[in-house]
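Data block for input-v4.tsv (TSV, C-alpha atoms):
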chain	number	residue	atom	x	y	z
N	744	MET	CA	19.45	-25.12	-17.56
N	745	ALA	CA	17.61	-23.26	-20.30
N	746	LYS	CA	18.15	-19.55	-20.74
N	747	ILE	CA	15.58	-17.48	-18.84
N	748	ASP	CA	13.46	-15.20	-21.01
N	749	TYR	CA	12.29	-11.86	-19.61
N	750	ARG	CA	9.27	-10.36	-21.31
N	751	ALA	CA	6.40	-7.98	-20.66
N	752	ILE	CA	3.53	-9.36	-18.62
N	753	ALA	CA	1.22	-7.99	-21.31
N	754	ASP	CA	2.69	-10.63	-23.63
N	755	VAL	CA	2.00	-13.68	-21.44
N	756	ASP	CA	-1.18	-15.48	-20.41
N	757	PHE	CA	-2.74	-13.53	-17.56
N	758	ASP	CA	-4.10	-16.57	-15.72
N	759	ALA	CA	-0.66	-18.19	-15.88
N	760	PHE	CA	0.88	-14.99	-14.57
N	761	THR	CA	-1.59	-14.92	-11.66
N	762	THR	CA	-0.80	-18.55	-10.81
N	763	ALA	CA	2.94	-17.84	-10.86
N	764	PHE	CA	2.46	-14.79	-8.64
N	765	ASN	CA	0.54	-16.85	-6.10
N	766	ARG	CA	3.24	-19.53	-6.11
N	767	ALA	CA	5.94	-16.91	-5.61
N	768	TYR	CA	4.12	-15.51	-2.57
N	769	SER	CA	2.85	-18.81	-1.15
N	770	ASP	CA	5.60	-18.98	1.49
N	771	TYR	CA	6.30	-15.27	1.76
N	772	PHE	CA	6.52	-13.46	5.09
N	773	MET	CA	2.88	-12.50	4.39
N	774	PRO	CA	1.33	-15.13	2.05
N	775	ILE	CA	-0.78	-13.57	-0.71
N	776	VAL	CA	-3.41	-15.22	-2.88
N	777	MET	CA	-4.94	-13.32	-5.80
N	778	THR	CA	-7.67	-14.26	-8.23
N	779	ALA	CA	-7.37	-13.05	-11.81
N	780	PRO	CA	-10.34	-10.61	-11.49
N	781	ALA	CA	-8.99	-9.20	-8.20
N	782	PHE	CA	-5.57	-8.80	-9.80
N	783	ARG	CA	-7.01	-6.92	-12.76
N	784	ALA	CA	-8.82	-4.56	-10.38
N	785	LEU	CA	-5.61	-3.95	-8.43
N	786	ILE	CA	-3.69	-3.30	-11.65
N	787	GLU	CA	-6.18	-0.65	-12.70
N	788	ARG	CA	-6.39	0.90	-9.23
N	789	ASP	CA	-2.63	1.21	-8.72
N	790	ASP	CA	-1.77	2.23	-12.31
N	791	LEU	CA	0.33	-0.86	-12.98
N	792	ASP	CA	1.51	-0.99	-16.58
N	793	LEU	CA	1.63	-4.58	-17.82
N	794	SER	CA	3.47	-3.52	-20.98
N	795	GLN	CA	6.35	-2.30	-18.78
N	796	SER	CA	6.13	-5.03	-16.11
N	797	VAL	CA	8.09	-8.26	-16.31
N	798	ALA	CA	7.58	-12.01	-16.28
N	799	ALA	CA	10.54	-14.39	-16.13
N	800	LEU	CA	9.98	-17.54	-18.19
N	801	ASP	CA	11.77	-20.87	-18.32
N	802	GLY	CA	10.37	-22.27	-21.55
N	803	ASP	CA	6.61	-21.83	-21.27
N	804	SER	CA	6.60	-21.66	-17.45
N	805	ILE	CA	6.46	-18.33	-15.63
N	806	ILE	CA	8.86	-18.50	-12.71
N	807	GLY	CA	9.06	-14.85	-11.64
N	808	THR	CA	7.02	-11.64	-11.67
N	809	GLY	CA	7.62	-7.93	-11.21
N	810	LEU	CA	5.17	-5.06	-11.63
N	811	LEU	CA	5.87	-1.44	-12.58
N	812	GLY	CA	3.36	1.30	-11.80
N	813	ILE	CA	3.60	4.69	-13.51
N	814	ARG	CA	2.09	8.02	-12.49
N	815	ASP	CA	3.46	11.00	-14.35
N	816	ARG	CA	7.25	10.70	-13.83
N	817	LEU	CA	7.07	8.61	-10.68
N	818	GLY	CA	7.25	4.84	-10.80
N	819	TRP	CA	6.61	2.11	-8.26
N	820	ILE	CA	7.77	-1.50	-8.24
N	821	GLY	CA	5.72	-4.18	-6.51
N	822	GLY	CA	4.79	-7.81	-6.82
N	823	MET	CA	8.43	-8.89	-7.07
N	824	GLY	CA	8.57	-12.63	-6.58
N	825	VAL	CA	10.22	-15.84	-7.75
N	826	ILE	CA	8.69	-19.30	-7.28
N	827	PRO	CA	10.33	-21.10	-4.33
N	828	GLU	CA	12.33	-23.72	-6.26
N	829	ARG	CA	13.95	-21.10	-8.54
N	830	ARG	CA	15.18	-18.61	-5.97
N	831	ARG	CA	18.83	-17.61	-5.47
N	832	GLN	CA	19.57	-17.98	-9.17
N	833	GLY	CA	19.75	-14.26	-9.98
N	834	ILE	CA	16.23	-14.12	-11.44
N	835	GLY	CA	15.03	-11.38	-9.09
N	836	ARG	CA	18.11	-9.29	-9.90
N	837	HIS	CA	17.51	-9.65	-13.66
N	838	MET	CA	13.86	-8.67	-13.26
N	839	MET	CA	14.86	-5.57	-11.31
N	840	HIS	CA	17.32	-4.58	-14.06
N	841	TYR	CA	14.52	-5.10	-16.60
N	842	LEU	CA	12.11	-2.86	-14.67
N	843	LEU	CA	14.66	-0.12	-14.07
N	844	ALA	CA	15.54	-0.15	-17.76
N	845	ARG	CA	11.84	0.32	-18.60
N	846	ALA	CA	11.70	3.18	-16.09
N	847	ARG	CA	14.62	4.87	-17.86
N	848	ASP	CA	12.97	4.32	-21.24
N	849	MET	CA	9.82	5.98	-19.85
N	850	ASP	CA	11.93	8.92	-18.60
N	851	LEU	CA	10.76	8.52	-15.03
N	852	ALA	CA	12.41	10.70	-12.40
N	853	TYR	CA	12.15	8.29	-9.46
N	854	VAL	CA	11.06	4.76	-8.70
N	855	ASP	CA	9.80	3.74	-5.26
N	856	LEU	CA	9.24	0.35	-3.68
N	857	GLU	CA	8.57	-1.17	-0.27
N	858	VAL	CA	10.31	-4.13	1.31
N	859	LEU	CA	9.45	-5.89	4.54
N	860	GLU	CA	12.01	-5.14	7.22
N	861	ALA	CA	12.46	-8.89	7.76
N	862	ASN	CA	13.27	-9.53	4.10
N	863	GLU	CA	16.99	-8.94	4.44
N	864	GLY	CA	17.94	-10.53	1.12
N	865	ALA	CA	15.65	-8.32	-0.96
N	866	TYR	CA	16.66	-5.25	1.03
N	867	ALA	CA	20.35	-5.92	0.35
N	868	LEU	CA	19.63	-6.31	-3.38
N	869	TYR	CA	17.71	-3.04	-3.56
N	870	ARG	CA	20.48	-1.20	-1.74
N	871	GLU	CA	23.03	-2.67	-4.13
N	872	LEU	CA	20.96	-1.46	-7.09
N	873	GLY	CA	21.00	2.11	-5.75
N	874	PHE	CA	17.75	2.41	-3.78
N	875	ASN	CA	17.89	4.53	-0.64
N	876	ASP	CA	15.74	4.34	2.48
N	877	GLN	CA	12.99	6.94	2.70
N	878	ARG	CA	10.98	5.99	5.81
N	879	PHE	CA	9.25	3.16	7.61
N	880	LEU	CA	5.67	2.25	6.74
N	881	LEU	CA	3.78	0.70	9.63
N	882	THR	CA	0.94	-1.82	9.79
N	883	PHE	CA	-1.20	-1.97	12.94
N	884	ASP	CA	-3.76	-4.43	14.27
N	885	ARG	CA	-6.14	-4.33	17.21
N	886	VAL	CA	-8.04	-7.12	18.94
N	887	PRO	CA	-11.49	-6.29	20.30
N	888	ALA	CA	-11.31	-4.69	23.74
N	889	GLU	CA	-12.87	-1.99	25.88
N	890	LEU	CA	-11.89	1.48	24.73
N	891	PRO	CA	-9.20	2.75	27.11
N	892	VAL	CA	-10.08	6.43	26.52
N	893	GLU	CA	-13.16	8.51	25.90
N	894	PRO	CA	-13.06	10.54	22.67
N	895	SER	CA	-13.51	14.28	22.78
N	896	PRO	CA	-17.18	15.33	22.51
N	897	GLN	CA	-16.04	18.41	20.59
N	898	PHE	CA	-16.31	16.67	17.22
N	899	ARG	CA	-19.40	15.29	15.52
N	900	ILE	CA	-18.75	12.16	13.47
N	901	GLU	CA	-20.89	11.63	10.39
N	902	GLU	CA	-20.86	9.30	7.40
N	903	ARG	CA	-20.01	11.19	4.25
N	904	ALA	CA	-19.59	10.26	0.60
N	905	THR	CA	-16.04	9.12	-0.04
N	906	SER	CA	-15.79	11.51	-2.99
N	907	THR	CA	-16.59	14.35	-0.59
N	908	VAL	CA	-13.95	13.53	2.00
N	909	LEU	CA	-11.33	12.96	-0.69
N	910	GLU	CA	-11.73	16.60	-1.68
N	911	HIS	CA	-9.65	17.23	1.47
N	912	TYR	CA	-6.96	14.67	0.62
N	913	THR	CA	-4.26	17.06	-0.56
N	914	ALA	CA	-4.76	19.61	2.21
N	915	PHE	CA	-4.79	16.97	4.95
N	916	HIS	CA	-1.84	14.93	3.66
N	917	ASP	CA	1.13	17.17	4.30
N	918	ILE	CA	2.80	13.83	5.12
N	919	PRO	CA	2.42	11.98	1.78
N	920	ASN	CA	0.88	8.53	1.61
N	921	CYS	CA	2.58	5.55	-0.01
N	922	TRP	CA	1.73	4.49	-3.59
N	923	GLN	CA	-1.18	2.18	-2.75
N	924	ARG	CA	-2.78	4.85	-0.55
N	925	ALA	CA	-2.16	7.77	-2.92
N	926	LEU	CA	-5.13	9.74	-4.23
N	927	PRO	CA	-5.52	7.89	-7.59
N	928	SER	CA	-5.76	4.54	-5.81
N	929	LEU	CA	-8.25	5.86	-3.27
N	930	GLN	CA	-10.40	7.47	-5.95
N	931	ALA	CA	-10.59	4.13	-7.74
N	932	LEU	CA	-11.71	2.49	-4.49
N	933	ALA	CA	-14.22	5.20	-3.61
N	934	PRO	CA	-17.34	3.42	-4.94
N	935	HIS	CA	-16.56	0.34	-2.85
N	936	VAL	CA	-15.83	1.78	0.61
N	937	ASP	CA	-17.41	3.96	3.27
N	938	SER	CA	-16.13	7.19	4.79
N	939	TRP	CA	-16.63	9.16	7.98
N	940	ALA	CA	-15.90	12.81	8.67
N	941	ALA	CA	-15.09	14.59	11.91
N	942	LEU	CA	-16.78	17.97	12.01
N	943	ASP	CA	-15.90	20.94	14.18
N	944	ASP	CA	-18.58	23.63	13.99
N	945	GLY	CA	-19.72	22.14	10.68
N	946	ARG	CA	-16.25	22.10	9.15
N	947	ILE	CA	-14.54	18.83	8.17
N	948	VAL	CA	-11.30	18.55	10.15
N	949	GLY	CA	-10.60	14.87	9.60
N	950	TYR	CA	-11.82	11.78	7.83
N	951	ALA	CA	-11.47	8.01	7.75
N	952	MET	CA	-12.04	5.83	4.69
N	953	GLY	CA	-12.47	2.06	4.60
N	954	TRP	CA	-14.81	-0.52	6.08
N	955	ALA	CA	-16.38	-0.73	9.54
N	956	ASN	CA	-18.72	-3.52	10.56
N	957	GLU	CA	-19.20	-6.02	13.37
N	958	HIS	CA	-16.20	-8.03	12.19
N	959	SER	CA	-13.62	-5.48	11.09
N	960	VAL	CA	-12.58	-1.84	11.19
N	961	ARG	CA	-10.14	-1.57	8.30
N	962	LEU	CA	-8.90	1.86	7.26
N	963	LEU	CA	-7.46	2.61	3.83
N	964	ASP	CA	-6.98	6.30	4.52
N	965	PHE	CA	-7.07	8.36	7.71
N	966	ALA	CA	-6.24	12.05	7.69
N	967	THR	CA	-6.66	15.25	9.69
N	968	SER	CA	-6.41	18.94	9.02
N	969	PRO	CA	-3.05	20.60	9.81
N	970	GLN	CA	-5.07	23.46	11.32
N	971	SER	CA	-6.74	21.19	13.87
N	972	ASP	CA	-5.69	19.39	17.05
N	973	ARG	CA	-4.80	16.44	14.88
N	974	ALA	CA	-4.29	13.80	17.55
N	975	THR	CA	-7.62	14.63	19.19
N	976	VAL	CA	-9.49	14.60	15.88
N	977	ALA	CA	-7.98	11.26	14.88
N	978	LEU	CA	-8.80	9.74	18.26
N	979	ALA	CA	-12.42	10.90	18.01
N	980	LEU	CA	-12.82	9.30	14.59
N	981	LEU	CA	-11.18	6.00	15.43
N	982	ALA	CA	-12.91	5.69	18.80
N	983	HIS	CA	-16.28	6.33	17.15
N	984	LEU	CA	-15.76	3.46	14.70
N	985	HIS	CA	-14.77	1.05	17.45
N	986	ARG	CA	-17.56	2.19	19.74
N	987	GLN	CA	-20.04	1.49	16.93
N	988	ASN	CA	-18.42	-1.91	16.33
N	989	PRO	CA	-17.14	-3.08	19.74
N	990	HIS	CA	-16.36	-6.66	18.64
N	991	ALA	CA	-14.50	-5.73	15.47
N	992	HIS	CA	-10.82	-6.30	14.87
N	993	GLY	CA	-8.90	-3.23	13.70
N	994	ASN	CA	-6.35	-2.95	10.92
N	995	SER	CA	-4.54	-0.26	8.97
N	996	TYR	CA	-1.50	-0.73	6.76
N	997	ASN	CA	1.47	1.23	5.43
N	998	ILE	CA	1.08	4.29	7.63
N	999	ALA	CA	4.07	6.61	7.44
N	1000	GLU	CA	6.15	6.58	10.61
N	1001	ASP	CA	5.64	10.35	11.04
N	1002	ASP	CA	1.93	10.44	10.19
N	1003	PRO	CA	0.07	12.65	12.70
N	1004	VAL	CA	-2.74	10.07	13.11
N	1005	LEU	CA	-0.39	7.54	14.73
N	1006	PRO	CA	-1.11	8.52	18.37
N	1007	ALA	CA	-4.77	7.58	17.90
N	1008	PHE	CA	-3.81	4.00	17.05
N	1009	THR	CA	-1.53	3.61	20.05
N	1010	GLU	CA	-4.02	5.19	22.46
N	1011	LEU	CA	-6.73	2.75	21.37
N	1012	GLY	CA	-4.56	-0.31	21.83
N	1013	TYR	CA	-3.40	-1.00	18.28
N	1014	ILE	CA	-0.22	-3.08	18.10
N	1015	LEU	CA	2.49	-2.77	15.48
N	1016	SER	CA	2.38	-5.93	13.34
N	1017	PHE	CA	5.27	-5.23	10.98
N	1018	ARG	CA	7.24	-2.51	9.27
N	1019	GLN	CA	8.12	-2.01	5.64
N	1020	ILE	CA	10.98	0.15	4.41
N	1021	GLU	CA	10.00	2.57	1.67
N	1022	MET	CA	12.91	3.02	-0.74
N	1023	ARG	CA	13.59	5.28	-3.73
N	1024	ILE	CA	16.04	5.45	-6.62
N	1025	ALA	CA	16.62	8.47	-8.85
N	1026	ILE	CA	16.31	7.47	-12.50
N	1027	GLY	CA	16.27	10.26	-15.08
N	1028	ASN	CA	16.98	13.94	-15.56
N	1029	ARG	CA	14.72	16.11	-13.45
Produce structure tokens that represent the structure in this file.
Amino acid sequence: MAKIDYRAIADVDFDAFTTAFNRAYSDYFMPIVMTAPAFRALIERDDLDLSQSVAALDGDSIIGTGLLGIRDRLGWIGGMGVIPERRRQGIGRHMMHYLLARARDMDLAYVDLEVLEANEGAYALYRELGFNDQRFLLTFDRVPAELPVEPSPQFRIEERATSTVLEHYTAFHDIPNCWQRALPSLQALAPHVDSWAALDDGRIVGYAMGWANEHSVRLLDFATSPQSDRATVALALLAHLHRQNPHAHGNSYNIAEDDPVLPAFTELGYILSFRQIEMRIAIGNR
């Protein structure tokens, strides 16, 4: 077997990289298919650095991928995958060593990642490499149904510019979001999504950001003011979106297990679809 070459994704053909990524995730717990333009948009949105990310090559064929995002001194690893016929050959381990070495070269303080709870092999590898559990991240889905509760009439729900509601992001997120739902990612998405604000006496006390139409209510961010009755505010927002779109499926992903909006999902009949484990490793001097 030829020696595997590990090099920066910036140095390989991007279309070939995208094809290899799709092959690696074709039989994953959650199959993923990306087009090259969609991938480029995601890379920009989530601050993924292709010069620090890794492709594993056997000759001219890309057989594994791993992405490293960088924001200040925090890093994030995602898109780790090996094509099915080349798994269990140590390729994923070598890619992780490559990415962690790049993180040290960049003088990052921490690197985070998420792993599906069901992916026991990857979880064991990350633990062995020194990653520690931080929290569970939850993904919820809802099938169309009658609303089981009436929202509080105390709050007026209005559409607002996403840039306006994101002005409240830091104050409302005393429980931090994961990497893909952090403020830089949401700001990049702002021109492409809608947002709704819950107002109490004219003051914004909560907001939801995403898409809501007859087919789907999909939230990318959902937050409430720590000075409000958070569960009631969240319920009013979510119930409003489903009342406006009674036949829509609901979805929201990677919500922290201690996020104060969680009761609104459970009260409206959302079901837990899966959990990811958020993990972190300390890298450099802080």
(message) If we count all atoms listed in the file and set the cut-off at 12 Å, which residues sit around N:Asp972, ignoring sequence neighbours fewer than 5 positions away in its own chain? Please answer as an MDAnalysis selection string.
(response) chainID N and resid 895 897:898 941 943 948:949 966:967 977:979 1003:1004 1006:1007
(request) Figure out the distance between atom CA of N:Ser796 and atom CA of N:Glu860, please, to one decimal in Å. (result)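 If I compute the distance from atom CA of N:Glu860 to atom CA of N:Ser796, I get 24.1 Å.
Distance check against N:Ile775 using all atoms listed in the file: of N:Gly822, N:Leu791, N:Ala846, N:Ile998, the minimum falls on N:Gly822.
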(request) Would you list the contacts of N:Asp937 as a count of residues only, taking every protein, DNA or RNA residue within 9 Å and counting only C-alpha atoms, but skipping same-chain residues closer than 6 positions in sequence? (result) 9
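Taking atom CA of N:Ser938 and atom CA of N:Phe1017 as endpoints, the distance between them is 25.5 Å.
You can rank N:Phe879, N:Ile1024, N:Gln923, N:Thr762 by their closest distance to N:Arg847 using all atoms listed in the file, and at the top of that list sits N:Ile1024.
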(request) Quote the spacing between atom CA of N:Ser804 and atom CA of N:Tyr749 in Å to one decimal place. (result)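 Rounded to one decimal, the two atoms are 11.5 Å apart.
Shortest atom-to-atom contact with N:Asn875 among N:Phe757, N:Pro934, N:Asp855, N:Phe1008: N:Asp855, counting all atoms listed in the file.
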Could stretch 747-782 of chain N be completed with N, CA and C atoms and returned as a short mmCIF file (atom, residue, chain, number, x, y, z; two decimals), in the frame of the given file?
data_model
loop_
_atom_site.label_atom_id
_atom_site.label_comp_id
_atom_site.auth_asym_id
_atom_site.auth_seq_id
_atom_site.Cartn_x
_atom_site.Cartn_y
_atom_site.Cartn_z
N ILE N 747 16.81 -18.11 -19.31
CA ILE N 747 15.58 -17.48 -18.84
C ILE N 747 15.23 -16.33 -19.78
N ASP N 748 13.96 -16.26 -20.13
CA ASP N 748 13.46 -15.20 -21.01
C ASP N 748 12.69 -14.20 -20.16
N TYR N 749 12.98 -12.92 -20.35
CA TYR N 749 12.29 -11.86 -19.61
C TYR N 749 11.46 -11.06 -20.60
N ARG N 750 10.15 -11.06 -20.38
CA ARG N 750 9.27 -10.36 -21.31
C ARG N 750 8.16 -9.64 -20.56
N ALA N 751 7.49 -8.75 -21.26
CA ALA N 751 6.40 -7.98 -20.66
C ALA N 751 5.26 -8.89 -20.23
N ILE N 752 4.67 -8.58 -19.09
CA ILE N 752 3.53 -9.36 -18.62
C ILE N 752 2.37 -9.27 -19.60
N ALA N 753 2.28 -8.14 -20.31
CA ALA N 753 1.22 -7.99 -21.31
C ALA N 753 1.32 -9.05 -22.40
N ASP N 754 2.48 -9.66 -22.56
CA ASP N 754 2.69 -10.63 -23.63
C ASP N 754 2.57 -12.08 -23.17
N VAL N 755 2.16 -12.31 -21.93
CA VAL N 755 2.00 -13.68 -21.44
C VAL N 755 0.55 -13.89 -21.02
N ASP N 756 0.18 -15.15 -20.83
CA ASP N 756 -1.18 -15.48 -20.41
C ASP N 756 -1.43 -14.95 -18.99
N PHE N 757 -2.52 -14.19 -18.84
CA PHE N 757 -2.74 -13.53 -17.56
C PHE N 757 -3.05 -14.52 -16.45
N ASP N 758 -3.80 -15.56 -16.74
CA ASP N 758 -4.10 -16.57 -15.72
C ASP N 758 -2.82 -17.28 -15.28
N ALA N 759 -1.93 -17.56 -16.23
CA ALA N 759 -0.66 -18.19 -15.88
C ALA N 759 0.20 -17.26 -15.04
N PHE N 760 0.17 -15.98 -15.37
CA PHE N 760 0.88 -14.99 -14.57
C PHE N 760 0.34 -14.96 -13.14
N THR N 761 -0.99 -14.96 -12.99
CA THR N 761 -1.59 -14.92 -11.66
C THR N 761 -1.19 -16.15 -10.86
N THR N 762 -1.21 -17.31 -11.50
CA THR N 762 -0.80 -18.55 -10.81
C THR N 762 0.64 -18.47 -10.36
N ALA N 763 1.52 -17.96 -11.22
CA ALA N 763 2.94 -17.84 -10.86
C ALA N 763 3.12 -16.85 -9.71
N PHE N 764 2.39 -15.76 -9.74
CA PHE N 764 2.46 -14.79 -8.64
C PHE N 764 2.08 -15.45 -7.32
N ASN N 765 0.98 -16.19 -7.32
CA ASN N 765 0.54 -16.85 -6.10
C ASN N 765 1.56 -17.87 -5.61
N ARG N 766 2.19 -18.58 -6.52
CA ARG N 766 3.24 -19.53 -6.11
C ARG N 766 4.42 -18.79 -5.50
N ALA N 767 4.79 -17.66 -6.11
CA ALA N 767 5.94 -16.91 -5.61
C ALA N 767 5.70 -16.38 -4.20
N TYR N 768 4.43 -16.08 -3.88
CA TYR N 768 4.12 -15.51 -2.57
C TYR N 768 3.51 -16.53 -1.60
N SER N 769 3.50 -17.80 -1.98
CA SER N 769 2.85 -18.81 -1.15
C SER N 769 3.55 -19.02 0.19
N ASP N 770 4.86 -18.81 0.24
CA ASP N 770 5.60 -18.98 1.49
C ASP N 770 6.26 -17.69 1.92
N TYR N 771 5.73 -16.58 1.46
CA TYR N 771 6.30 -15.27 1.76
C TYR N 771 6.05 -14.95 3.24
N PHE N 772 6.72 -13.91 3.71
CA PHE N 772 6.52 -13.46 5.09
C PHE N 772 5.04 -13.20 5.35
N MET N 773 4.33 -12.68 4.35
CA MET N 773 2.88 -12.50 4.39
C MET N 773 2.31 -13.18 3.15
N PRO N 774 1.86 -14.43 3.23
CA PRO N 774 1.33 -15.13 2.05
C PRO N 774 0.20 -14.33 1.39
N ILE N 775 0.21 -14.31 0.06
CA ILE N 775 -0.78 -13.57 -0.71
C ILE N 775 -1.40 -14.51 -1.73
N VAL N 776 -2.71 -14.45 -1.86
CA VAL N 776 -3.41 -15.22 -2.88
C VAL N 776 -4.33 -14.26 -3.63
N MET N 777 -4.15 -14.20 -4.95
CA MET N 777 -4.94 -13.32 -5.80
C MET N 777 -5.71 -14.14 -6.82
N THR N 778 -6.95 -13.73 -7.08
CA THR N 778 -7.67 -14.26 -8.23
C THR N 778 -7.39 -13.35 -9.43
N ALA N 779 -7.61 -13.86 -10.62
CA ALA N 779 -7.37 -13.05 -11.81
C ALA N 779 -8.24 -11.78 -11.82
N PRO N 780 -9.55 -11.85 -11.50
CA PRO N 780 -10.34 -10.61 -11.49
C PRO N 780 -9.86 -9.61 -10.43
N ALA N 781 -9.49 -10.10 -9.24
CA ALA N 781 -8.99 -9.20 -8.20
C ALA N 781 -7.68 -8.55 -8.63
N PHE N 782 -6.85 -9.32 -9.33
CA PHE N 782 -5.57 -8.80 -9.80
C PHE N 782 -5.80 -7.70 -10.84
#
